[in-house]
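Visitor: Let me give you the structure first, and then I'll get to my questions.
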Amino acid sequence: MTTIGPIVESDILLALEGVTVSFDGFKAVNDLSLYISKGELRVIIGPNGAGKTTVLDLICGRTKVSDGSIKFHDREVTRMKEHEIVRLGIGRKFQTPSIYEDLTVFENLEISYPKGRGVFGALGFRRTAAVIERIHEIAETIFLKDQLDTKAEILSHGQKQWLEIGMLLIQDPELLMLDEPVAGMSVAERVKTAELLNRIIEGRAVIVIEHDMKFVESIAHRVTVLHQGKVLAEGRMEVIQEDPKVREVYLGH
Ligand SMILES: Nc1ncnc2c1ncn2[C@@H]1O[C@H](COP(=O)(O)OP(=O)(O)OP(=O)(O)O)[C@@H](O)[C@H]1O
């Protein structure tokens with residue numbers, strides 16, 4: 001496992017400070033501060049209802065903060081629309097894969113290729129050699145290079161999850177957020193997903209919400225434990241696992 005030292009301020013890609021969100025007076029996230037560095041794979045764990053998914057919803061602009069600041073590269077994103085946040089370089093994968101079942105793996109990746117950039121935006125989308133090369137590169141990364149012509153509907157559950165990760169990767173996000181990526185996967189698929197995440201971390205940051213502790217051990221650089229909308233503990237997995245507070249509310253059960 002990779003271990004990282006203290007966070008260096010200049011490396012911070014995403015900074016949440018004093019973030020609170022209230023739903024009818026109930027604070028699902030309560031004065032939360034969280035800093036994610038470039039090249040970091042952060043896992044957020046915690047009991048049901050701790051506020052994990054809500055934190056991702058806040059970062060991607062799906063839910064608006066009641067109070068506090070969220071900065072990506074020093075740009076305040078709390079008032080931006082979801083699509084503007086995507087364009088800044090924040091990609092989000094939800095629990096259920098949202099792929100196009102009736103399209104092939106190739107077509108699913110092609111449809112996700114960013115069209116607003118460079119000459120493509122001005123001239124309309126074309127299947128150029130560069131696009132095809134990029135699709136092949138991504139397909140290899142997500143273990144689907146031999147399935148490029150396969151319709152997505154006949155992929156296994158795990159392969160569908162990888163395809164959706166590929167659809168995000170092709171947009172080259174600087175921050176990728178994944179909500180329970182290995183839920184429902186076989187043991188072999190979980191091992192390959194850990195390999196995939198360790199492979200894609202270069203040049204970006206990844207935030208993963210996960211309940212599978214074996215998987216968390218195999219990927220996490222640093223773990224944040226949420227409880228009642230607050231950070232209960234944060235640090236390396238070995239330390240977190242021994243923390244009595246964490247054992248009491250989560251791991252000990
Ligand atoms: N849109 C909403 N309106 C009202 N309450 C909400 C809303 N979204 C989340 N909540 C509440 O906020 C709390 C935190 O929910 P959240 O889904 O973020 O938890 P979680 O840690 O992701 O849990 P799980 O592990 O079960 O997915 C829960 O009590 C939930 O019911």
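All residue names refer to the structure tokens as shown: chains lettered A, B, ... in order, residues numbered from 1 in each chain, ligands numbered from 1 in order.
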How close does each residue of stretch 80-169 of chain A get to stretch 50-64 of chain A, giving the shortest atom pair and distance in Å to one decimal for every residue with an atom at most 10 Å away, counting only C-alpha atoms, sorted by chain and residue number, as a Markdown table?

Guide:
```
| residue | atom | partner | partner_atom | distance |
| --- | --- | --- | --- | --- |
| A:Met80 | CA | A:Gly61 | CA | 6.8 |
| A:Lys81 | CA | A:Gly61 | CA | 6.1 |
| A:Glu82 | CA | A:Gly61 | CA | 4.9 |
| A:His83 | CA | A:Gly61 | CA | 8.6 |
| A:Glu84 | CA | A:Gly61 | CA | 9.0 |
| A:Ile85 | CA | A:Cys60 | CA | 6.2 |
| A:Val86 | CA | A:Cys60 | CA | 7.4 |
| A:Ile90 | CA | A:Cys60 | CA | 7.0 |
| A:Gly91 | CA | A:Cys60 | CA | 7.8 |
| A:Arg92 | CA | A:Cys60 | CA | 7.2 |
| A:Lys93 | CA | A:Leu56 | CA | 9.8 |
| A:Phe94 | CA | A:Thr53 | CA | 9.3 |
| A:Gln95 | CA | A:Thr53 | CA | 9.9 |
```

Visitor: Chain A near ligand 1 within 9 Å: what's each residue's closest atom pair and its distance in Å to one decimal, counting only C-alpha atoms and all ligand atoms, ordered by chain then ascending residue number, as JSON lines?

Guide:
```
{"residue": "A:Val21", "atom": "CA", "partner": "ligand 1", "partner_atom_place_in_ligand_line": "12 (O)", "distance": 8.9}
{"residue": "A:Ser22", "atom": "CA", "partner": "ligand 1", "partner_atom_place_in_ligand_line": "5 (N)", "distance": 8.1}
{"residue": "A:Phe23", "atom": "CA", "partner": "ligand 1", "partner_atom_place_in_ligand_line": "4 (C)", "distance": 4.9}
{"residue": "A:Asp24", "atom": "CA", "partner": "ligand 1", "partner_atom_place_in_ligand_line": "4 (C)", "distance": 7.2}
{"residue": "A:Phe26", "atom": "CA", "partner": "ligand 1", "partner_atom_place_in_ligand_line": "5 (N)", "distance": 7.6}
{"residue": "A:Lys27", "atom": "CA", "partner": "ligand 1", "partner_atom_place_in_ligand_line": "12 (O)", "distance": 7.4}
{"residue": "A:Ala28", "atom": "CA", "partner": "ligand 1", "partner_atom_place_in_ligand_line": "12 (O)", "distance": 4.3}
{"residue": "A:Val29", "atom": "CA", "partner": "ligand 1", "partner_atom_place_in_ligand_line": "14 (C)", "distance": 7.3}
{"residue": "A:Ile44", "atom": "CA", "partner": "ligand 1", "partner_atom_place_in_ligand_line": "21 (O)", "distance": 8.9}
{"residue": "A:Ile45", "atom": "CA", "partner": "ligand 1", "partner_atom_place_in_ligand_line": "21 (O)", "distance": 7.7}
{"residue": "A:Gly46", "atom": "CA", "partner": "ligand 1", "partner_atom_place_in_ligand_line": "21 (O)", "distance": 6.2}
{"residue": "A:Pro47", "atom": "CA", "partner": "ligand 1", "partner_atom_place_in_ligand_line": "25 (O)", "distance": 5.8}
{"residue": "A:Asn48", "atom": "CA", "partner": "ligand 1", "partner_atom_place_in_ligand_line": "26 (O)", "distance": 3.5}
{"residue": "A:Gly49", "atom": "CA", "partner": "ligand 1", "partner_atom_place_in_ligand_line": "19 (O)", "distance": 3.4}
{"residue": "A:Ala50", "atom": "CA", "partner": "ligand 1", "partner_atom_place_in_ligand_line": "21 (O)", "distance": 3.7}
{"residue": "A:Gly51", "atom": "CA", "partner": "ligand 1", "partner_atom_place_in_ligand_line": "18 (O)", "distance": 3.2}
{"residue": "A:Lys52", "atom": "CA", "partner": "ligand 1", "partner_atom_place_in_ligand_line": "21 (O)", "distance": 3.8}
{"residue": "A:Thr53", "atom": "CA", "partner": "ligand 1", "partner_atom_place_in_ligand_line": "22 (O)", "distance": 3.7}
{"residue": "A:Thr54", "atom": "CA", "partner": "ligand 1", "partner_atom_place_in_ligand_line": "18 (O)", "distance": 3.7}
{"residue": "A:Val55", "atom": "CA", "partner": "ligand 1", "partner_atom_place_in_ligand_line": "18 (O)", "distance": 6.5}
{"residue": "A:Leu56", "atom": "CA", "partner": "ligand 1", "partner_atom_place_in_ligand_line": "18 (O)", "distance": 8.2}
{"residue": "A:Asp57", "atom": "CA", "partner": "ligand 1", "partner_atom_place_in_ligand_line": "18 (O)", "distance": 8.2}
{"residue": "A:Thr63", "atom": "CA", "partner": "ligand 1", "partner_atom_place_in_ligand_line": "1 (N)", "distance": 7.7}
{"residue": "A:Asp179", "atom": "CA", "partner": "ligand 1", "partner_atom_place_in_ligand_line": "22 (O)", "distance": 8.6}
{"residue": "A:Glu180", "atom": "CA", "partner": "ligand 1", "partner_atom_place_in_ligand_line": "27 (O)", "distance": 8.7}
{"residue": "A:Ile209", "atom": "CA", "partner": "ligand 1", "partner_atom_place_in_ligand_line": "22 (O)", "distance": 8.0}
{"residue": "A:Glu210", "atom": "CA", "partner": "ligand 1", "partner_atom_place_in_ligand_line": "25 (O)", "distance": 8.2}
{"residue": "A:His211", "atom": "CA", "partner": "ligand 1", "partner_atom_place_in_ligand_line": "25 (O)", "distance": 7.6}
{"residue": "A:Leu226", "atom": "CA", "partner": "ligand 1", "partner_atom_place_in_ligand_line": "21 (O)", "distance": 7.4}
{"residue": "A:His227", "atom": "CA", "partner": "ligand 1", "partner_atom_place_in_ligand_line": "21 (O)", "distance": 7.9}
{"residue": "A:Gln228", "atom": "CA", "partner": "ligand 1", "partner_atom_place_in_ligand_line": "14 (C)", "distance": 7.7}
{"residue": "A:Gly229", "atom": "CA", "partner": "ligand 1", "partner_atom_place_in_ligand_line": "14 (C)", "distance": 7.2}
```

Visitor: Could you turn the residues from that selection into a file that holds N, CA and C atoms, as a short mmCIF file (atom, residue, chain, number, x, y, z; two decimals), in the first residue's frame?

Guide:
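After the write, out_25.cif holds the following:
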```cif
data_model
loop_
_atom_site.label_atom_id
_atom_site.label_comp_id
_atom_site.auth_asym_id
_atom_site.auth_seq_id
_atom_site.Cartn_x
_atom_site.Cartn_y
_atom_site.Cartn_z
N VAL A 21 -24.82 21.22 5.20
CA VAL A 21 -26.06 21.20 4.42
C VAL A 21 -27.18 20.72 5.32
N SER A 22 -28.27 21.48 5.31
CA SER A 22 -29.42 21.12 6.15
C SER A 22 -30.58 20.71 5.25
N PHE A 23 -31.21 19.61 5.60
CA PHE A 23 -32.45 19.21 4.94
C PHE A 23 -33.56 19.38 5.99
N ASP A 24 -34.38 20.37 5.81
CA ASP A 24 -35.45 20.66 6.78
C ASP A 24 -34.91 20.72 8.22
N PHE A 26 -32.31 19.33 9.45
CA PHE A 26 -31.41 18.23 9.81
C PHE A 26 -30.08 18.40 9.07
N LYS A 27 -28.98 18.48 9.83
CA LYS A 27 -27.68 18.70 9.20
C LYS A 27 -27.04 17.38 8.75
N ALA A 28 -27.23 17.04 7.48
CA ALA A 28 -26.67 15.79 6.94
C ALA A 28 -25.15 15.90 6.85
N VAL A 29 -24.64 17.11 6.60
CA VAL A 29 -23.21 17.40 6.64
C VAL A 29 -23.06 18.62 7.52
N ILE A 44 -13.68 7.40 1.58
CA ILE A 44 -14.56 7.88 2.65
C ILE A 44 -15.39 6.70 3.13
N ILE A 45 -15.30 6.41 4.42
CA ILE A 45 -16.09 5.33 4.99
C ILE A 45 -16.97 5.91 6.11
N GLY A 46 -17.86 5.07 6.62
CA GLY A 46 -18.71 5.52 7.73
C GLY A 46 -20.05 4.81 7.68
N PRO A 47 -20.77 4.80 8.80
CA PRO A 47 -22.04 4.09 8.86
C PRO A 47 -23.09 4.67 7.91
N ASN A 48 -24.15 3.91 7.68
CA ASN A 48 -25.25 4.38 6.84
C ASN A 48 -25.77 5.71 7.37
N GLY A 49 -26.01 6.63 6.45
CA GLY A 49 -26.56 7.92 6.84
C GLY A 49 -25.53 8.91 7.37
N ALA A 50 -24.24 8.55 7.29
CA ALA A 50 -23.18 9.43 7.83
C ALA A 50 -23.00 10.71 7.02
N GLY A 51 -23.48 10.69 5.76
CA GLY A 51 -23.36 11.88 4.92
C GLY A 51 -22.39 11.71 3.75
N LYS A 52 -21.94 10.48 3.50
CA LYS A 52 -20.91 10.23 2.48
C LYS A 52 -21.39 10.64 1.08
N THR A 53 -22.55 10.10 0.68
CA THR A 53 -23.06 10.41 -0.66
C THR A 53 -23.38 11.90 -0.77
N THR A 54 -23.88 12.47 0.30
CA THR A 54 -24.21 13.90 0.29
C THR A 54 -22.95 14.74 0.03
N VAL A 55 -21.81 14.32 0.57
CA VAL A 55 -20.56 15.06 0.34
C VAL A 55 -20.24 15.06 -1.16
N LEU A 56 -20.38 13.90 -1.81
CA LEU A 56 -20.11 13.85 -3.27
C LEU A 56 -21.13 14.73 -4.01
N ASP A 57 -22.40 14.67 -3.57
CA ASP A 57 -23.45 15.50 -4.20
C ASP A 57 -23.10 16.98 -4.10
N THR A 63 -26.28 18.94 -5.01
CA THR A 63 -26.91 19.53 -3.83
C THR A 63 -26.11 20.80 -3.51
N ASP A 179 -18.87 6.21 -6.21
CA ASP A 179 -19.71 5.80 -5.09
C ASP A 179 -19.89 4.28 -5.11
N GLU A 180 -19.30 3.61 -4.16
CA GLU A 180 -19.34 2.15 -4.02
C GLU A 180 -19.08 1.42 -5.33
N ILE A 209 -16.17 6.18 -2.18
CA ILE A 209 -16.97 5.81 -1.00
C ILE A 209 -17.05 4.30 -1.03
N GLU A 210 -16.74 3.65 0.07
CA GLU A 210 -16.78 2.18 0.03
C GLU A 210 -17.04 1.59 1.40
N HIS A 211 -17.74 0.43 1.38
CA HIS A 211 -18.00 -0.28 2.63
C HIS A 211 -17.12 -1.52 2.76
N LEU A 226 -16.53 9.32 8.22
CA LEU A 226 -17.60 10.28 8.51
C LEU A 226 -18.58 9.67 9.50
N HIS A 227 -19.10 10.52 10.36
CA HIS A 227 -20.11 10.08 11.32
C HIS A 227 -20.99 11.30 11.62
N GLN A 228 -22.28 11.15 11.41
CA GLN A 228 -23.23 12.24 11.65
C GLN A 228 -22.79 13.54 10.99
N GLY A 229 -22.33 13.41 9.74
CA GLY A 229 -22.00 14.59 8.94
C GLY A 229 -20.70 15.28 9.29
#
```

Visitor: Can you tell me, as number ranges by chain, which residues in stretch 5-172 of chain A count as alpha helix (DSSP H) by DSSP?

Guide: A: 52-59, 82-88, 105-112, 118-123, 129-141, 157-169

Visitor: Select from stretch 76-111 of chain A everything DSSP, run on the backbone, classes as strand (DSSP E or B), then give the selection as a ChimeraX atom specification.

Guide: /A:76,90-93,104

Visitor: Could you please take those selected residues and save N, CA and C atoms as a PDB file, in the first residue's frame?

Guide:
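Generated file (result.pdb):
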```
ATOM      1  N   GLU A  76     -14.032  28.775  -6.355  1.00  0.00           N
ATOM      2  CA  GLU A  76     -15.214  28.443  -5.563  1.00  0.00           C
ATOM      3  C   GLU A  76     -16.252  27.790  -6.494  1.00  0.00           C
ATOM      4  N   ILE A  90     -14.270  17.689 -12.901  1.00  0.00           N
ATOM      5  CA  ILE A  90     -14.723  16.814 -11.811  1.00  0.00           C
ATOM      6  C   ILE A  90     -15.712  15.799 -12.383  1.00  0.00           C
ATOM      7  N   GLY A  91     -15.357  14.523 -12.312  1.00  0.00           N
ATOM      8  CA  GLY A  91     -16.219  13.460 -12.840  1.00  0.00           C
ATOM      9  C   GLY A  91     -16.795  12.648 -11.700  1.00  0.00           C
ATOM     10  N   ARG A  92     -18.027  12.199 -11.858  1.00  0.00           N
ATOM     11  CA  ARG A  92     -18.702  11.473 -10.774  1.00  0.00           C
ATOM     12  C   ARG A  92     -19.383  10.227 -11.312  1.00  0.00           C
ATOM     13  N   LYS A  93     -19.141   9.111 -10.636  1.00  0.00           N
ATOM     14  CA  LYS A  93     -19.823   7.881 -11.012  1.00  0.00           C
ATOM     15  C   LYS A  93     -20.787   7.516  -9.895  1.00  0.00           C
ATOM     16  N   THR A 104     -22.316  -0.475 -28.356  1.00  0.00           N
ATOM     17  CA  THR A 104     -21.125  -1.292 -28.062  1.00  0.00           C
ATOM     18  C   THR A 104     -20.230  -0.546 -27.066  1.00  0.00           C
TER      19      THR A 104
END
```

Visitor: What's around A:Ser218 at 8 Å? Count only C-alpha atoms, leave out sequence neighbours fewer than 2 positions away in its own chain, and write the answer as a VMD selection string.

Guide: chain A and resid 1 194 214 to 216 220

Visitor: Store the residues picked out above, limited to C-alpha atoms, as a PDB file, in the first residue's frame.

Guide:
```pdb
ATOM      1  CA  MET A   1       0.000   0.000   0.000  1.00  0.00           C
ATOM      2  CA  ALA A 194      -8.264  -2.086  -7.159  1.00  0.00           C
ATOM      3  CA  LYS A 214     -10.665  -5.435   2.267  1.00  0.00           C
ATOM      4  CA  PHE A 215     -11.017  -3.353  -0.868  1.00  0.00           C
ATOM      5  CA  VAL A 216     -10.385  -0.134   1.067  1.00  0.00           C
ATOM      6  CA  ALA A 220      -6.620   3.826   0.134  1.00  0.00           C
TER       7      ALA A 220
END
```

Visitor: Find, counting only C-alpha atoms, the residue in A:Ile132, A:Leu163, A:Leu155, A:Val43 that gets nearest to A:Asp212.

Guide: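 So, comparing all the options, the nearest one is A:Val43.
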
Visitor: Using only C-alpha atoms, find the one residue out of A:Ile165, A:Val77, A:Ala130, A:Ala15 that sits nearest to A:Asn108.

Guide: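 Counting only C-alpha atoms, the residue closest to A:Asn108 is A:Ile165.
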
Visitor: For a test of reading the model, state the distance in Å between atom CA of A:Val65 and atom CA of A:Arg79, rounded to one decimal.

Guide: 8.7 Å

Visitor: Residues near A:Lys245, anyone? I mean within 8 Å using only C-alpha atoms, not counting same-chain ones fewer than 3 positions away, as a VMD selection string.

Guide: chain A and resid 232 248 to 249

Visitor: Using the selection just defined, write its residues with N, CA and C atoms as an mmCIF file, in the first residue's frame.

Guide:
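To be explicit, this is the file written out as part04.cif:
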```cif
data_model
loop_
_atom_site.group_PDB
_atom_site.id
_atom_site.type_symbol
_atom_site.label_atom_id
_atom_site.label_comp_id
_atom_site.auth_asym_id
_atom_site.auth_seq_id
_atom_site.Cartn_x
_atom_site.Cartn_y
_atom_site.Cartn_z
ATOM 1 N N LEU A 232 -14.956 11.965 11.768
ATOM 2 C CA LEU A 232 -14.694 11.322 13.057
ATOM 3 C C LEU A 232 -13.207 11.011 13.200
ATOM 4 N N GLU A 248 -16.012 1.799 17.498
ATOM 5 C CA GLU A 248 -17.293 1.894 18.201
ATOM 6 C C GLU A 248 -18.456 2.192 17.240
ATOM 7 N N VAL A 249 -18.244 3.154 16.321
ATOM 8 C CA VAL A 249 -19.393 3.540 15.491
ATOM 9 C C VAL A 249 -19.488 2.767 14.173
#
```

Visitor: Could you give me, as a PyMOL selection string, the residues within 7 Å of A:Pro97, counting only C-alpha atoms and dropping anything in the same chain fewer than 6 positions from it?

Guide: chain A and resi 160-161+164

Visitor: Using only C-alpha atoms, find the one residue out of A:Arg247, A:Val131, A:Glu153, A:Lys230 that sits nearest to A:Thr20.

Guide: A:Lys230

Visitor: Quick one: pull the distance between atom CA of A:His73 and atom CA of A:Glu17, Å, one decimal.

Guide: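 The value is 13.8 Å.
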
Visitor: Determine, counting only C-alpha atoms, which protein, DNA and RNA residues have an atom within 12 Å of an atom of A:Lys192; residues of the same chain fewer than 4 positions away are not included. Present the result as a list in words.

Guide: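 Those residues are Thr141, Ile142, Phe143, Leu144, Gly158, Gln159, Gln161, Trp162, Pro181, Val182, Met185, Ser186, Val187, Ala188, Leu196, Leu197, Asn198, Arg199, Phe215, Ser218 and Ile219 of chain A.
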
Visitor: Go ahead and save the residues from that selection, with N, CA and C atoms, as a short mmCIF file (atom, residue, chain, number, x, y, z; two decimals), in the first residue's frame.

Guide:
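This went into again17.cif:
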```
data_model
loop_
_atom_site.label_atom_id
_atom_site.label_comp_id
_atom_site.auth_asym_id
_atom_site.auth_seq_id
_atom_site.Cartn_x
_atom_site.Cartn_y
_atom_site.Cartn_z
N THR A 141 -7.12 0.07 -20.47
CA THR A 141 -7.06 0.39 -19.04
C THR A 141 -8.19 -0.25 -18.25
N ILE A 142 -9.39 -0.31 -18.87
CA ILE A 142 -10.56 -0.82 -18.13
C ILE A 142 -10.82 -2.31 -18.44
N PHE A 143 -9.83 -3.00 -18.92
CA PHE A 143 -9.88 -4.44 -19.19
C PHE A 143 -10.94 -4.83 -20.24
N LEU A 144 -11.24 -3.94 -21.17
CA LEU A 144 -12.29 -4.26 -22.16
C LEU A 144 -11.78 -4.15 -23.60
N GLY A 158 -19.62 -6.27 -13.38
CA GLY A 158 -18.32 -5.63 -13.14
C GLY A 158 -17.82 -4.91 -14.38
N GLN A 159 -17.96 -5.55 -15.53
CA GLN A 159 -17.50 -4.92 -16.78
C GLN A 159 -18.29 -3.64 -17.08
N GLN A 161 -19.48 -1.65 -14.82
CA GLN A 161 -18.94 -0.63 -13.91
C GLN A 161 -17.63 -0.07 -14.46
N TRP A 162 -16.78 -0.95 -15.01
CA TRP A 162 -15.51 -0.50 -15.58
C TRP A 162 -15.76 0.39 -16.80
N PRO A 181 -17.88 1.59 -5.90
CA PRO A 181 -17.61 1.01 -7.21
C PRO A 181 -17.60 -0.51 -7.26
N VAL A 182 -17.35 -1.19 -6.13
CA VAL A 182 -17.26 -2.66 -6.21
C VAL A 182 -18.51 -3.38 -5.67
N MET A 185 -19.81 -6.79 -7.13
CA MET A 185 -18.77 -7.41 -7.97
C MET A 185 -18.27 -8.71 -7.35
N SER A 186 -17.74 -9.60 -8.21
CA SER A 186 -17.12 -10.83 -7.73
C SER A 186 -15.76 -10.48 -7.11
N VAL A 187 -15.18 -11.44 -6.37
CA VAL A 187 -13.89 -11.19 -5.73
C VAL A 187 -12.84 -10.85 -6.80
N ALA A 188 -12.83 -11.60 -7.89
CA ALA A 188 -11.84 -11.36 -8.95
C ALA A 188 -12.02 -9.96 -9.54
N LEU A 196 -7.17 -1.26 -11.25
CA LEU A 196 -7.59 -0.16 -12.13
C LEU A 196 -7.44 1.20 -11.44
N LEU A 197 -7.92 1.28 -10.20
CA LEU A 197 -7.86 2.57 -9.49
C LEU A 197 -6.41 2.97 -9.21
N ASN A 198 -5.59 2.00 -8.85
CA ASN A 198 -4.18 2.32 -8.61
C ASN A 198 -3.48 2.79 -9.89
N ARG A 199 -4.01 2.32 -11.02
CA ARG A 199 -3.43 2.69 -12.31
C ARG A 199 -3.81 4.09 -12.76
N PHE A 215 -11.27 -4.16 0.32
CA PHE A 215 -11.02 -3.35 -0.87
C PHE A 215 -10.39 -2.01 -0.46
N SER A 218 -6.81 -2.21 0.14
CA SER A 218 -5.98 -2.41 -1.05
C SER A 218 -5.83 -1.15 -1.91
N ILE A 219 -6.64 -0.12 -1.63
CA ILE A 219 -6.53 1.07 -2.48
C ILE A 219 -6.18 2.36 -1.74
#
```

Visitor: Given only C-alpha atoms as the basis, pick out the residue of A:Ile111, A:Ala183, A:Leu176, A:Ile170 nearest to A:Glu137.

Guide: A:Ile170

Visitor: For atom CA of A:Thr128 and atom CA of A:Pro114, determine how far apart the two atoms are, in Å to one decimal place.

Guide: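 Interatomic distance, atom CA of A:Thr128 to atom CA of A:Pro114: 13.1 Å.
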